[in-house]
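Student: Supplied structure: coords.pdb, PDB, C-alpha atoms.
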```pdb
MODEL        1
ATOM      1  CA  MET A  13     109.241 131.575  90.812
ATOM      2  CA  GLY A  14     111.257 132.045  87.633
ATOM      3  CA  LYS A  15     112.788 129.319  85.547
ATOM      4  CA  ILE A  16     115.863 127.188  86.277
ATOM      5  CA  ALA A  17     118.790 126.458  83.932
ATOM      6  CA  PHE A  18     121.374 123.740  84.520
ATOM      7  CA  LEU A  19     124.865 124.764  83.320
ATOM      8  CA  PHE A  20     127.761 122.365  82.771
ATOM      9  CA  PRO A  21     131.470 123.281  82.760
ATOM     10  CA  GLY A  22     133.975 122.580  80.005
ATOM     11  CA  GLN A  23     137.642 121.675  79.831
ATOM     12  CA  GLY A  24     139.831 123.466  82.354
ATOM     13  CA  SER A  25     137.584 122.751  85.365
ATOM     14  CA  GLN A  26     139.105 119.320  86.017
ATOM     15  CA  ALA A  27     140.740 118.565  89.378
ATOM     16  CA  VAL A  28     142.084 115.381  90.943
ATOM     17  CA  GLY A  29     139.488 113.934  93.341
ATOM     18  CA  MET A  30     136.526 115.749  91.775
ATOM     19  CA  GLY A  31     133.224 114.043  92.477
ATOM     20  CA  GLN A  32     134.681 111.713  95.116
ATOM     21  CA  ASP A  33     132.363 112.937  97.886
ATOM     22  CA  PHE A  34     129.331 112.432  95.610
ATOM     23  CA  MET A  35     130.553 108.948  94.748
ATOM     24  CA  GLU A  36     130.741 108.155  98.467
ATOM     25  CA  ALA A  37     127.456 109.867  99.430
ATOM     26  CA  TYR A  38     125.149 108.815  96.552
ATOM     27  CA  SER A  39     124.863 105.383  94.969
ATOM     28  CA  VAL A  40     123.367 106.988  91.804
ATOM     29  CA  SER A  41     126.586 109.020  91.473
ATOM     30  CA  LYS A  42     128.790 105.974  92.058
ATOM     31  CA  ASP A  43     126.913 104.141  89.290
ATOM     32  CA  VAL A  44     127.888 106.881  86.813
ATOM     33  CA  PHE A  45     131.614 106.421  87.521
ATOM     34  CA  THR A  46     131.245 102.629  87.232
ATOM     35  CA  GLU A  47     129.435 102.996  83.904
ATOM     36  CA  ALA A  48     132.170 105.284  82.522
ATOM     37  CA  ASP A  49     134.893 102.725  83.317
ATOM     38  CA  HIS A  50     132.800 100.003  81.732
ATOM     39  CA  ARG A  51     131.990 101.902  78.506
ATOM     40  CA  LEU A  52     135.526 103.223  77.980
ATOM     41  CA  ASN A  53     137.154  99.970  79.016
ATOM     42  CA  PHE A  54     139.742 101.644  81.222
ATOM     43  CA  GLU A  55     139.935 102.871  84.821
ATOM     44  CA  LEU A  56     138.854 106.471  84.308
ATOM     45  CA  THR A  57     137.564 106.668  87.899
ATOM     46  CA  LYS A  58     140.996 105.760  89.261
ATOM     47  CA  LEU A  59     142.581 108.524  87.155
ATOM     48  CA  ILE A  60     139.977 111.077  88.337
ATOM     49  CA  MET A  61     140.436 110.156  91.996
ATOM     50  CA  ASN A  62     144.230 109.748  92.109
ATOM     51  CA  GLY A  63     145.643 111.694  89.150
ATOM     52  CA  PRO A  64     148.321 112.616  88.301
ATOM     53  CA  ILE A  65     146.880 115.965  87.189
ATOM     54  CA  GLU A  66     149.134 116.024  84.060
ATOM     55  CA  THR A  67     147.502 112.813  82.796
ATOM     56  CA  LEU A  68     144.007 113.888  83.828
ATOM     57  CA  THR A  69     144.429 117.208  81.988
ATOM     58  CA  ARG A  70     145.210 115.545  78.649
ATOM     59  CA  THR A  71     142.298 116.373  76.353
ATOM     60  CA  GLU A  72     141.245 112.749  75.759
ATOM     61  CA  ASN A  73     141.098 112.171  79.550
ATOM     62  CA  ALA A  74     139.810 115.552  80.756
ATOM     63  CA  GLN A  75     136.765 115.443  78.479
ATOM     64  CA  PRO A  76     135.297 112.097  79.647
ATOM     65  CA  ALA A  77     136.369 112.859  83.233
ATOM     66  CA  LEU A  78     134.426 116.135  83.305
ATOM     67  CA  VAL A  79     131.304 114.689  81.695
ATOM     68  CA  THR A  80     131.399 111.754  84.146
ATOM     69  CA  THR A  81     131.773 113.996  87.186
ATOM     70  CA  SER A  82     129.107 116.453  86.013
ATOM     71  CA  VAL A  83     126.598 113.678  85.325
ATOM     72  CA  ALA A  84     127.397 112.027  88.682
ATOM     73  CA  VAL A  85     126.441 115.322  90.378
ATOM     74  CA  LEU A  86     123.407 115.699  88.080
ATOM     75  CA  GLU A  87     122.074 112.292  89.160
ATOM     76  CA  ALA A  88     122.232 113.382  92.819
ATOM     77  CA  LEU A  89     120.221 116.531  91.942
ATOM     78  CA  ARG A  90     117.677 114.440  90.069
ATOM     79  CA  GLU A  91     117.349 112.113  93.059
ATOM     80  CA  LYS A  92     116.504 115.183  95.154
ATOM     81  CA  GLY A  93     113.815 116.163  92.647
ATOM     82  CA  ILE A  94     115.575 119.244  91.235
ATOM     83  CA  THR A  95     114.774 119.737  87.562
ATOM     84  CA  ALA A  96     115.563 122.346  84.916
ATOM     85  CA  ASP A  97     113.558 124.264  82.330
ATOM     86  CA  TYR A  98     116.649 124.663  80.110
ATOM     87  CA  THR A  99     120.188 123.292  79.953
ATOM     88  CA  ALA A 100     123.451 124.600  78.495
ATOM     89  CA  GLY A 101     127.106 123.613  78.664
ATOM     90  CA  HIS A 102     130.326 125.388  77.805
ATOM     91  CA  SER A 103     131.946 123.592  74.842
ATOM     92  CA  LEU A 104     132.522 120.047  76.146
ATOM     93  CA  GLY A 105     129.834 120.794  78.778
ATOM     94  CA  GLU A 106     127.208 120.721  76.027
ATOM     95  CA  TYR A 107     127.461 116.913  76.114
ATOM     96  CA  SER A 108     126.595 116.891  79.838
ATOM     97  CA  ALA A 109     123.716 119.288  79.053
ATOM     98  CA  LEU A 110     122.441 116.871  76.394
ATOM     99  CA  VAL A 111     122.463 114.028  78.930
ATOM    100  CA  ALA A 112     120.484 116.247  81.327
ATOM    101  CA  SER A 113     118.036 117.025  78.509
ATOM    102  CA  GLY A 114     117.496 113.393  77.546
ATOM    103  CA  ALA A 115     119.043 113.700  74.076
ATOM    104  CA  LEU A 116     122.055 111.479  74.871
ATOM    105  CA  SER A 117     122.515 108.543  77.208
ATOM    106  CA  PHE A 118     125.420 109.034  79.601
ATOM    107  CA  SER A 119     127.150 105.944  78.211
ATOM    108  CA  ASP A 120     127.079 107.332  74.646
ATOM    109  CA  ALA A 121     128.087 110.828  75.793
ATOM    110  CA  VAL A 122     131.201 109.630  77.640
ATOM    111  CA  PHE A 123     132.176 107.449  74.666
ATOM    112  CA  ALA A 124     131.679 110.362  72.246
ATOM    113  CA  VAL A 125     133.769 112.840  74.252
ATOM    114  CA  ARG A 126     136.606 110.368  74.810
ATOM    115  CA  ASN A 127     136.883 110.144  71.006
ATOM    116  CA  ARG A 128     136.264 113.876  70.569
ATOM    117  CA  GLY A 129     139.260 114.510  72.829
ATOM    118  CA  LEU A 130     141.473 112.132  70.866
ATOM    119  CA  TYR A 131     140.459 113.676  67.534
ATOM    120  CA  MET A 132     141.005 117.232  68.816
ATOM    121  CA  GLU A 133     144.430 116.207  70.100
ATOM    122  CA  GLU A 134     145.360 114.729  66.699
ATOM    123  CA  ALA A 135     143.894 117.522  64.526
ATOM    124  CA  VAL A 136     146.826 119.941  64.880
ATOM    125  CA  PRO A 137     150.447 118.937  65.614
ATOM    126  CA  SER A 138     151.588 120.051  69.060
ATOM    127  CA  GLY A 139     152.970 123.592  69.144
ATOM    128  CA  GLU A 140     151.352 124.703  65.870
ATOM    129  CA  GLY A 141     148.151 126.073  67.408
ATOM    130  CA  ALA A 142     147.480 128.436  70.296
ATOM    131  CA  MET A 143     144.763 130.211  72.277
ATOM    132  CA  ALA A 144     144.752 133.430  74.291
ATOM    133  CA  ALA A 145     142.239 135.249  76.491
ATOM    134  CA  ILE A 146     141.746 138.911  75.625
ATOM    135  CA  MET A 147     140.400 141.025  78.470
ATOM    136  CA  GLY A 148     138.719 144.413  78.199
ATOM    137  CA  MET A 149     138.009 144.614  74.484
ATOM    138  CA  GLU A 150     134.672 144.806  72.664
ATOM    139  CA  ARG A 151     133.721 141.886  70.446
ATOM    140  CA  GLU A 152     133.320 143.986  67.261
ATOM    141  CA  GLU A 153     136.753 145.557  67.693
ATOM    142  CA  LEU A 154     138.432 142.237  68.373
ATOM    143  CA  GLN A 155     136.633 140.720  65.374
ATOM    144  CA  GLN A 156     138.270 143.381  63.184
ATOM    145  CA  VAL A 157     141.683 142.550  64.652
ATOM    146  CA  VAL A 158     141.402 138.807  63.967
ATOM    147  CA  ASP A 159     140.031 139.397  60.457
ATOM    148  CA  GLU A 160     142.987 141.647  59.591
ATOM    149  CA  VAL A 161     145.566 139.297  61.133
ATOM    150  CA  SER A 162     144.036 136.248  59.395
ATOM    151  CA  ALA A 163     144.349 138.057  56.061
ATOM    152  CA  SER A 164     147.948 139.189  56.628
ATOM    153  CA  THR A 165     149.654 136.717  58.986
ATOM    154  CA  ASP A 166     147.916 133.429  59.755
ATOM    155  CA  THR A 167     144.486 132.141  60.724
ATOM    156  CA  VAL A 168     143.028 133.321  64.043
ATOM    157  CA  GLN A 169     139.420 133.719  65.157
ATOM    158  CA  LEU A 170     137.151 134.408  68.109
ATOM    159  CA  ALA A 171     136.710 131.116  69.968
ATOM    160  CA  ASN A 172     134.928 131.700  73.300
ATOM    161  CA  LEU A 173     132.727 134.768  73.773
ATOM    162  CA  ASN A 174     132.556 134.215  77.515
ATOM    163  CA  SER A 175     131.301 137.446  79.070
ATOM    164  CA  PRO A 176     131.502 141.201  78.442
ATOM    165  CA  GLY A 177     135.215 141.975  78.063
ATOM    166  CA  GLN A 178     136.411 138.355  78.170
ATOM    167  CA  ILE A 179     136.951 136.723  74.786
ATOM    168  CA  VAL A 180     139.265 133.844  73.889
ATOM    169  CA  ILE A 181     140.946 133.775  70.469
ATOM    170  CA  SER A 182     142.241 130.618  68.788
ATOM    171  CA  GLY A 183     144.160 129.593  65.686
ATOM    172  CA  ALA A 184     147.648 129.117  64.290
ATOM    173  CA  LYS A 185     150.405 130.108  66.742
ATOM    174  CA  ALA A 186     151.659 133.012  64.597
ATOM    175  CA  GLY A 187     148.121 134.323  64.081
ATOM    176  CA  VAL A 188     147.271 134.222  67.789
ATOM    177  CA  GLU A 189     150.558 135.905  68.774
ATOM    178  CA  LYS A 190     150.112 138.685  66.200
ATOM    179  CA  ALA A 191     146.443 139.246  67.131
ATOM    180  CA  SER A 192     147.441 139.381  70.827
ATOM    181  CA  GLU A 193     150.012 142.111  70.038
ATOM    182  CA  VAL A 194     147.566 144.145  67.939
ATOM    183  CA  ALA A 195     144.815 143.788  70.581
ATOM    184  CA  LYS A 196     147.201 145.183  73.222
ATOM    185  CA  GLU A 197     148.136 148.092  70.959
ATOM    186  CA  LYS A 198     144.429 148.826  70.457
ATOM    187  CA  GLY A 199     143.742 148.998  74.174
ATOM    188  CA  ALA A 200     142.992 145.466  75.426
ATOM    189  CA  ARG A 201     143.425 145.491  79.202
ATOM    190  CA  ARG A 202     145.186 142.123  79.421
ATOM    191  CA  VAL A 203     146.231 139.285  77.158
ATOM    192  CA  ILE A 204     146.699 135.854  78.720
ATOM    193  CA  PRO A 205     148.171 133.031  76.601
ATOM    194  CA  LEU A 206     146.328 129.824  77.552
ATOM    195  CA  GLN A 207     147.999 126.521  78.392
ATOM    196  CA  VAL A 208     146.082 124.346  75.949
ATOM    197  CA  SER A 209     147.076 121.483  73.694
ATOM    198  CA  GLY A 210     145.398 122.825  70.554
ATOM    199  CA  PRO A 211     143.567 125.691  68.826
ATOM    200  CA  PHE A 212     140.077 124.664  69.961
ATOM    201  CA  HIS A 213     137.012 126.261  68.339
ATOM    202  CA  SER A 214     138.992 127.402  65.316
ATOM    203  CA  SER A 215     138.785 126.294  61.668
ATOM    204  CA  LEU A 216     141.967 124.248  62.254
ATOM    205  CA  MET A 217     139.744 121.786  64.164
ATOM    206  CA  LYS A 218     137.716 120.790  61.081
ATOM    207  CA  PRO A 219     139.590 117.461  60.687
ATOM    208  CA  ALA A 220     138.411 116.539  64.207
ATOM    209  CA  ALA A 221     134.806 117.339  63.233
ATOM    210  CA  ASP A 222     135.102 115.078  60.171
ATOM    211  CA  GLN A 223     136.214 112.191  62.379
ATOM    212  CA  LEU A 224     133.634 112.909  65.076
ATOM    213  CA  SER A 225     130.806 112.688  62.547
ATOM    214  CA  GLY A 226     131.377 108.903  62.367
ATOM    215  CA  ILE A 227     130.992 108.598  66.147
ATOM    216  CA  LEU A 228     127.849 110.755  66.231
ATOM    217  CA  GLU A 229     126.338 108.627  63.458
ATOM    218  CA  ALA A 230     127.017 105.478  65.498
ATOM    219  CA  ILE A 231     125.396 106.604  68.765
ATOM    220  CA  GLU A 232     121.725 107.374  69.406
ATOM    221  CA  ILE A 233     120.804 111.056  69.569
ATOM    222  CA  LYS A 234     117.165 111.601  70.536
ATOM    223  CA  ASP A 235     114.965 114.688  70.536
ATOM    224  CA  ALA A 236     115.632 116.535  73.788
ATOM    225  CA  SER A 237     112.831 116.625  76.380
ATOM    226  CA  ILE A 238     114.317 119.826  77.874
ATOM    227  CA  PRO A 239     115.533 122.521  75.410
ATOM    228  CA  VAL A 240     119.321 122.852  75.179
ATOM    229  CA  ILE A 241     120.852 126.217  74.302
ATOM    230  CA  ALA A 242     123.415 125.366  71.616
ATOM    231  CA  ASN A 243     126.915 126.882  71.788
ATOM    232  CA  VAL A 244     126.974 127.638  68.077
ATOM    233  CA  THR A 245     123.610 129.444  67.850
ATOM    234  CA  ALA A 246     122.789 130.531  71.437
ATOM    235  CA  GLU A 247     119.243 129.391  70.630
ATOM    236  CA  PRO A 248     117.148 126.620  72.221
ATOM    237  CA  SER A 249     117.127 123.314  70.394
ATOM    238  CA  THR A 250     115.292 120.003  70.867
ATOM    239  CA  SER A 251     115.573 118.324  67.447
ATOM    240  CA  ALA A 252     117.944 115.330  67.303
ATOM    241  CA  GLU A 253     119.093 116.236  63.788
ATOM    242  CA  GLU A 254     119.805 119.830  64.798
ATOM    243  CA  ILE A 255     121.682 118.684  67.902
ATOM    244  CA  GLN A 256     123.935 116.408  65.835
ATOM    245  CA  ASN A 257     124.761 119.260  63.427
ATOM    246  CA  HIS A 258     125.475 121.623  66.314
ATOM    247  CA  LEU A 259     127.886 119.150  67.949
ATOM    248  CA  LEU A 260     129.909 118.873  64.730
ATOM    249  CA  LYS A 261     130.000 122.625  64.101
ATOM    250  CA  GLN A 262     130.808 123.297  67.733
ATOM    251  CA  ILE A 263     134.337 121.875  67.408
ATOM    252  CA  TYR A 264     135.464 124.591  64.950
ATOM    253  CA  SER A 265     132.994 127.403  65.782
ATOM    254  CA  PRO A 266     132.927 130.019  68.545
ATOM    255  CA  VAL A 267     131.232 129.223  71.857
ATOM    256  CA  LEU A 268     128.606 131.964  72.228
ATOM    257  CA  TRP A 269     128.477 131.803  76.022
ATOM    258  CA  GLU A 270     127.565 135.418  76.809
ATOM    259  CA  ASP A 271     124.764 135.182  74.219
ATOM    260  CA  THR A 272     123.645 131.878  75.775
ATOM    261  CA  VAL A 273     123.285 133.461  79.226
ATOM    262  CA  ARG A 274     121.394 136.420  77.746
ATOM    263  CA  LYS A 275     119.089 134.068  75.825
ATOM    264  CA  LEU A 276     118.321 132.126  79.027
ATOM    265  CA  MET A 277     117.494 135.403  80.781
ATOM    266  CA  ASP A 278     115.197 136.372  77.881
ATOM    267  CA  LEU A 279     113.463 133.002  78.304
ATOM    268  CA  GLY A 280     112.687 133.823  81.936
ATOM    269  CA  VAL A 281     115.534 132.009  83.689
ATOM    270  CA  ASP A 282     116.517 133.655  86.961
ATOM    271  CA  THR A 283     118.187 130.696  88.711
ATOM    272  CA  PHE A 284     121.384 129.247  87.219
ATOM    273  CA  ILE A 285     122.782 126.026  88.692
ATOM    274  CA  GLU A 286     126.336 125.082  87.662
ATOM    275  CA  ILE A 287     126.656 121.316  87.979
ATOM    276  CA  GLY A 288     130.110 119.755  88.289
ATOM    277  CA  PRO A 289     133.575 120.821  89.424
ATOM    278  CA  GLY A 290     134.563 124.461  89.864
ATOM    279  CA  ASN A 291     132.579 127.667  89.515
ATOM    280  CA  VAL A 292     133.883 129.191  86.263
ATOM    281  CA  LEU A 293     130.433 129.441  84.667
ATOM    282  CA  SER A 294     128.897 130.939  87.813
ATOM    283  CA  GLY A 295     131.449 133.749  87.568
ATOM    284  CA  LEU A 296     130.672 134.312  83.879
ATOM    285  CA  VAL A 297     126.911 134.449  84.542
ATOM    286  CA  LYS A 298     127.511 137.063  87.246
ATOM    287  CA  LYS A 299     129.524 139.149  84.777
ATOM    288  CA  VAL A 300     126.565 139.132  82.390
ATOM    289  CA  ASN A 301     123.927 139.708  85.088
ATOM    290  CA  ARG A 302     125.010 140.654  88.603
ATOM    291  CA  ARG A 303     121.511 140.102  89.992
ATOM    292  CA  ALA A 304     121.094 136.526  88.779
ATOM    293  CA  SER A 305     120.677 133.800  91.388
ATOM    294  CA  VAL A 306     123.698 131.563  90.732
ATOM    295  CA  HIS A 307     124.620 128.325  92.511
ATOM    296  CA  ALA A 308     127.681 126.130  91.901
ATOM    297  CA  VAL A 309     127.079 122.531  92.960
ATOM    298  CA  GLY A 310     130.318 120.565  93.092
ATOM    299  CA  THR A 311     130.036 119.087  96.609
ATOM    300  CA  PRO A 312     127.221 117.432  98.597
ATOM    301  CA  GLU A 313     127.327 120.415 101.021
ATOM    302  CA  GLN A 314     126.649 122.802  98.130
ATOM    303  CA  LEU A 315     123.756 120.567  97.050
ATOM    304  CA  ASP A 316     122.271 120.737 100.570
ATOM    305  CA  GLN A 317     122.615 124.545 100.521
ATOM    306  CA  LEU A 318     120.876 124.672  97.132
ATOM    307  CA  ILE A 319     117.977 122.519  98.385
ATOM    308  CA  ALA A 320     117.558 124.835 101.391
ATOM    309  CA  LYS A 321     117.666 127.912  99.150
ATOM    310  CA  LEU A 322     115.150 126.530  96.643
ATOM    311  CA  GLY A 323     112.901 125.575  99.567
ATOM    312  CA  GLU A 324     112.839 129.215 100.710
ATOM    313  CA  GLU A 325     111.870 130.600  97.290
TER     314      GLU A 325
ENDMDL
END
```
Step by step, read the file and then write its structure as structure tokens.

Tutor:
Amino acid sequence: MGKIAFLFPGQGSQAVGMGQDFMEAYSVSKDVFTEADHRLNFELTKLIMNGPIETLTRTENAQPALVTTSVAVLEALREKGITADYTAGHSLGEYSALVASGALSFSDAVFAVRNRGLYMEEAVPSGEGAMAAIMGMEREELQQVVDEVSASTDTVQLANLNSPGQIVISGAKAGVEKASEVAKEKGARRVIPLQVSGPFHSSLMKPAADQLSGILEAIEIKDASIPVIANVTAEPSTSAEEIQNHLLKQIYSPVLWEDTVRKLMDLGVDTFIEIGPGNVLSGLVKKVNRRASVHAVGTPEQLDQLIAKLGEE
């Protein structure tokens, strides 16, 4: 049998009620929600379970909510004896991946991302930044577009290299709008402005990285026992020092997700398990490699199906 990678979703996968069935079915999952409330000193679980979605979606709430839910599901997998050879997470999901790899305790991870969300929210005044998904354009061509627009209009850069033909750009509002126009003129199939509160993964987020460095200094980051594929390099990493540097750079650097999936395939991974709400990453893996064995585990039923499937292999 080939190798297994655990994948963890990022912001945008949140939903009211996520993880509730795990909380009810597994005491190890319930403990994770309890620990989050305790560490953050507010009723995050109540917000996750009852909403409203507008409050849950705010960056400083969505980030700890997603890490909490993902780790609650992870603990149920661990209890069933399912382990990974590698982990990776999309943007925020990298923190969940680091918990799975033993580099961060859950308590420190949820504390770090709560603050990360607040700092990202504060970094750029509302309405000044933007993001857009560009469909059906090659990375090199889009790179040329954003370089030209940054030089002539305002800063814009590649933010999420998600899968072949799906790239998110991020930056100042004027830069993103101009780059979106130029990309369309040059043959992009679709341009979708994203409903986000800031220009994530762009250089405008550097003030957030400066603030986050204080938090990362204050928590314990250990060497990972399972290699984590870092967003900023798409290479495996286990060194605590390297991990800390990657987490800081990650805030203002592109998420190399397509490269991450390809790297995992090169390392012999043929089974990808997306842990947490939604199935966004499963879809992206399939776009990179249609033949990959991909499983999204966001409900206890999906976990049971996974166990049955792994038992057959």

Student: Of the candidates A:Ala242, A:Leu260, A:Ala27, A:Val306, which one gets nearest to A:Gly226 if we count only C-alpha atoms?

Tutor: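 Closest to A:Gly226, using only C-alpha atoms: A:Leu260.
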
Student: Might you spell out which residues the PyMOL selection byres ((chain A and resi 70-74) around 8) would select in the displayed file, as a ChimeraX atom specification?

Tutor: /A:23,26,56,66-69,75-78,125-130,132-133,209

Student: I would like the residues chosen by the PyMOL selection byres ((chain A and resi 190-192) around 12) on the shown file; could you give them as a ChimeraX atom specification?

Tutor: /A:142-147,149,153-170,179-189,193-206

Student: For this structure, which residues satisfy the selection - the PyMOL selection byres ((chain A and resi 101-103) around 10) - when it is evaluated on the file as given? I want them as a PDB file with C-alpha atoms, keeping the file's coordinate frame.

Tutor:
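Printed below is selection32.pdb as written:
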```
ATOM      1  CA  PHE A  18     121.374 123.740  84.520  1.00  0.00           C
ATOM      2  CA  LEU A  19     124.865 124.764  83.320  1.00  0.00           C
ATOM      3  CA  PHE A  20     127.761 122.365  82.771  1.00  0.00           C
ATOM      4  CA  PRO A  21     131.470 123.281  82.760  1.00  0.00           C
ATOM      5  CA  GLY A  22     133.975 122.580  80.005  1.00  0.00           C
ATOM      6  CA  GLN A  23     137.642 121.675  79.831  1.00  0.00           C
ATOM      7  CA  THR A  99     120.188 123.292  79.953  1.00  0.00           C
ATOM      8  CA  ALA A 100     123.451 124.600  78.495  1.00  0.00           C
ATOM      9  CA  LEU A 104     132.522 120.047  76.146  1.00  0.00           C
ATOM     10  CA  GLY A 105     129.834 120.794  78.778  1.00  0.00           C
ATOM     11  CA  GLU A 106     127.208 120.721  76.027  1.00  0.00           C
ATOM     12  CA  TYR A 107     127.461 116.913  76.114  1.00  0.00           C
ATOM     13  CA  SER A 108     126.595 116.891  79.838  1.00  0.00           C
ATOM     14  CA  ALA A 109     123.716 119.288  79.053  1.00  0.00           C
ATOM     15  CA  LEU A 110     122.441 116.871  76.394  1.00  0.00           C
ATOM     16  CA  ASN A 172     134.928 131.700  73.300  1.00  0.00           C
ATOM     17  CA  ASN A 174     132.556 134.215  77.515  1.00  0.00           C
ATOM     18  CA  PHE A 212     140.077 124.664  69.961  1.00  0.00           C
ATOM     19  CA  HIS A 213     137.012 126.261  68.339  1.00  0.00           C
ATOM     20  CA  VAL A 240     119.321 122.852  75.179  1.00  0.00           C
ATOM     21  CA  ILE A 241     120.852 126.217  74.302  1.00  0.00           C
ATOM     22  CA  ALA A 242     123.415 125.366  71.616  1.00  0.00           C
ATOM     23  CA  ASN A 243     126.915 126.882  71.788  1.00  0.00           C
ATOM     24  CA  VAL A 244     126.974 127.638  68.077  1.00  0.00           C
ATOM     25  CA  LEU A 259     127.886 119.150  67.949  1.00  0.00           C
ATOM     26  CA  GLN A 262     130.808 123.297  67.733  1.00  0.00           C
ATOM     27  CA  ILE A 263     134.337 121.875  67.408  1.00  0.00           C
ATOM     28  CA  SER A 265     132.994 127.403  65.782  1.00  0.00           C
ATOM     29  CA  PRO A 266     132.927 130.019  68.545  1.00  0.00           C
ATOM     30  CA  VAL A 267     131.232 129.223  71.857  1.00  0.00           C
ATOM     31  CA  LEU A 268     128.606 131.964  72.228  1.00  0.00           C
ATOM     32  CA  TRP A 269     128.477 131.803  76.022  1.00  0.00           C
ATOM     33  CA  THR A 272     123.645 131.878  75.775  1.00  0.00           C
ATOM     34  CA  GLU A 286     126.336 125.082  87.662  1.00  0.00           C
ATOM     35  CA  ILE A 287     126.656 121.316  87.979  1.00  0.00           C
ATOM     36  CA  VAL A 292     133.883 129.191  86.263  1.00  0.00           C
ATOM     37  CA  LEU A 293     130.433 129.441  84.667  1.00  0.00           C
TER      38      LEU A 293
END
```

Student: Which one of A:Ser237, A:Ser39, A:Ser251, A:Asn257 sits closest to A:Ala221 if you count only C-alpha atoms?

Tutor: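 Distance minimum relative to A:Ala221 lands on A:Asn257.
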
Student: How big is the axis-aligned box around all listed atoms of stretch 183-186 of chain A once 6 Å goes on each side, and where's its centre, in Å to one decimal, as lines of an AutoDock Vina configuration file?

Tutor:
```
center_x = 147.9
center_y = 131.1
center_z = 65.5
size_x = 19.5
size_y = 15.9
size_z = 14.5
```

Student: For A:Asp235, which residue among A:Glu247, A:Glu253, A:Asp222, A:Asp120 is the nearest when counting all atoms listed in the file?

Tutor: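 Residue with the minimum atom-to-atom distance to A:Asp235: A:Glu253.
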
Student: Tell me, as a list of chain:residue names, which residues lie within 7 Å of A:Pro289, counting all atoms listed in the file; anything in the same chain fewer than 6 positions away does not count.

Tutor: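 My list of contacting residues is A:Ser25, A:Gln26, A:Met30, A:Gly310.
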
Student: Just the number, please: distance in Å from atom CA of A:Val40 to atom CA of A:Asn62, one decimal.

Tutor: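 That distance, rounded to one decimal, is 21.0 Å.
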
Student: Excluding stretch 90-93 of chain A and its own-chain neighbours fewer than 4 positions away, which residues fall within 12 Å of it when counting all atoms listed in the file? Please give them as an MDAnalysis selection string.

Tutor: chainID A and resid 18 38:41 83:86 112:113 287 312 315:316 318:320 322:323

Student: Take the selection from the previous step and output its residues with C-alpha atoms, as a PDB file, keeping the file's coordinate frame.

Tutor:
```
ATOM      1  CA  PHE A  18     121.374 123.740  84.520  1.00  0.00           C
ATOM      2  CA  TYR A  38     125.149 108.815  96.552  1.00  0.00           C
ATOM      3  CA  SER A  39     124.863 105.383  94.969  1.00  0.00           C
ATOM      4  CA  VAL A  40     123.367 106.988  91.804  1.00  0.00           C
ATOM      5  CA  SER A  41     126.586 109.020  91.473  1.00  0.00           C
ATOM      6  CA  VAL A  83     126.598 113.678  85.325  1.00  0.00           C
ATOM      7  CA  ALA A  84     127.397 112.027  88.682  1.00  0.00           C
ATOM      8  CA  VAL A  85     126.441 115.322  90.378  1.00  0.00           C
ATOM      9  CA  LEU A  86     123.407 115.699  88.080  1.00  0.00           C
ATOM     10  CA  ALA A 112     120.484 116.247  81.327  1.00  0.00           C
ATOM     11  CA  SER A 113     118.036 117.025  78.509  1.00  0.00           C
ATOM     12  CA  ILE A 287     126.656 121.316  87.979  1.00  0.00           C
ATOM     13  CA  PRO A 312     127.221 117.432  98.597  1.00  0.00           C
ATOM     14  CA  LEU A 315     123.756 120.567  97.050  1.00  0.00           C
ATOM     15  CA  ASP A 316     122.271 120.737 100.570  1.00  0.00           C
ATOM     16  CA  LEU A 318     120.876 124.672  97.132  1.00  0.00           C
ATOM     17  CA  ILE A 319     117.977 122.519  98.385  1.00  0.00           C
ATOM     18  CA  ALA A 320     117.558 124.835 101.391  1.00  0.00           C
ATOM     19  CA  LEU A 322     115.150 126.530  96.643  1.00  0.00           C
ATOM     20  CA  GLY A 323     112.901 125.575  99.567  1.00  0.00           C
TER      21      GLY A 323
END
```
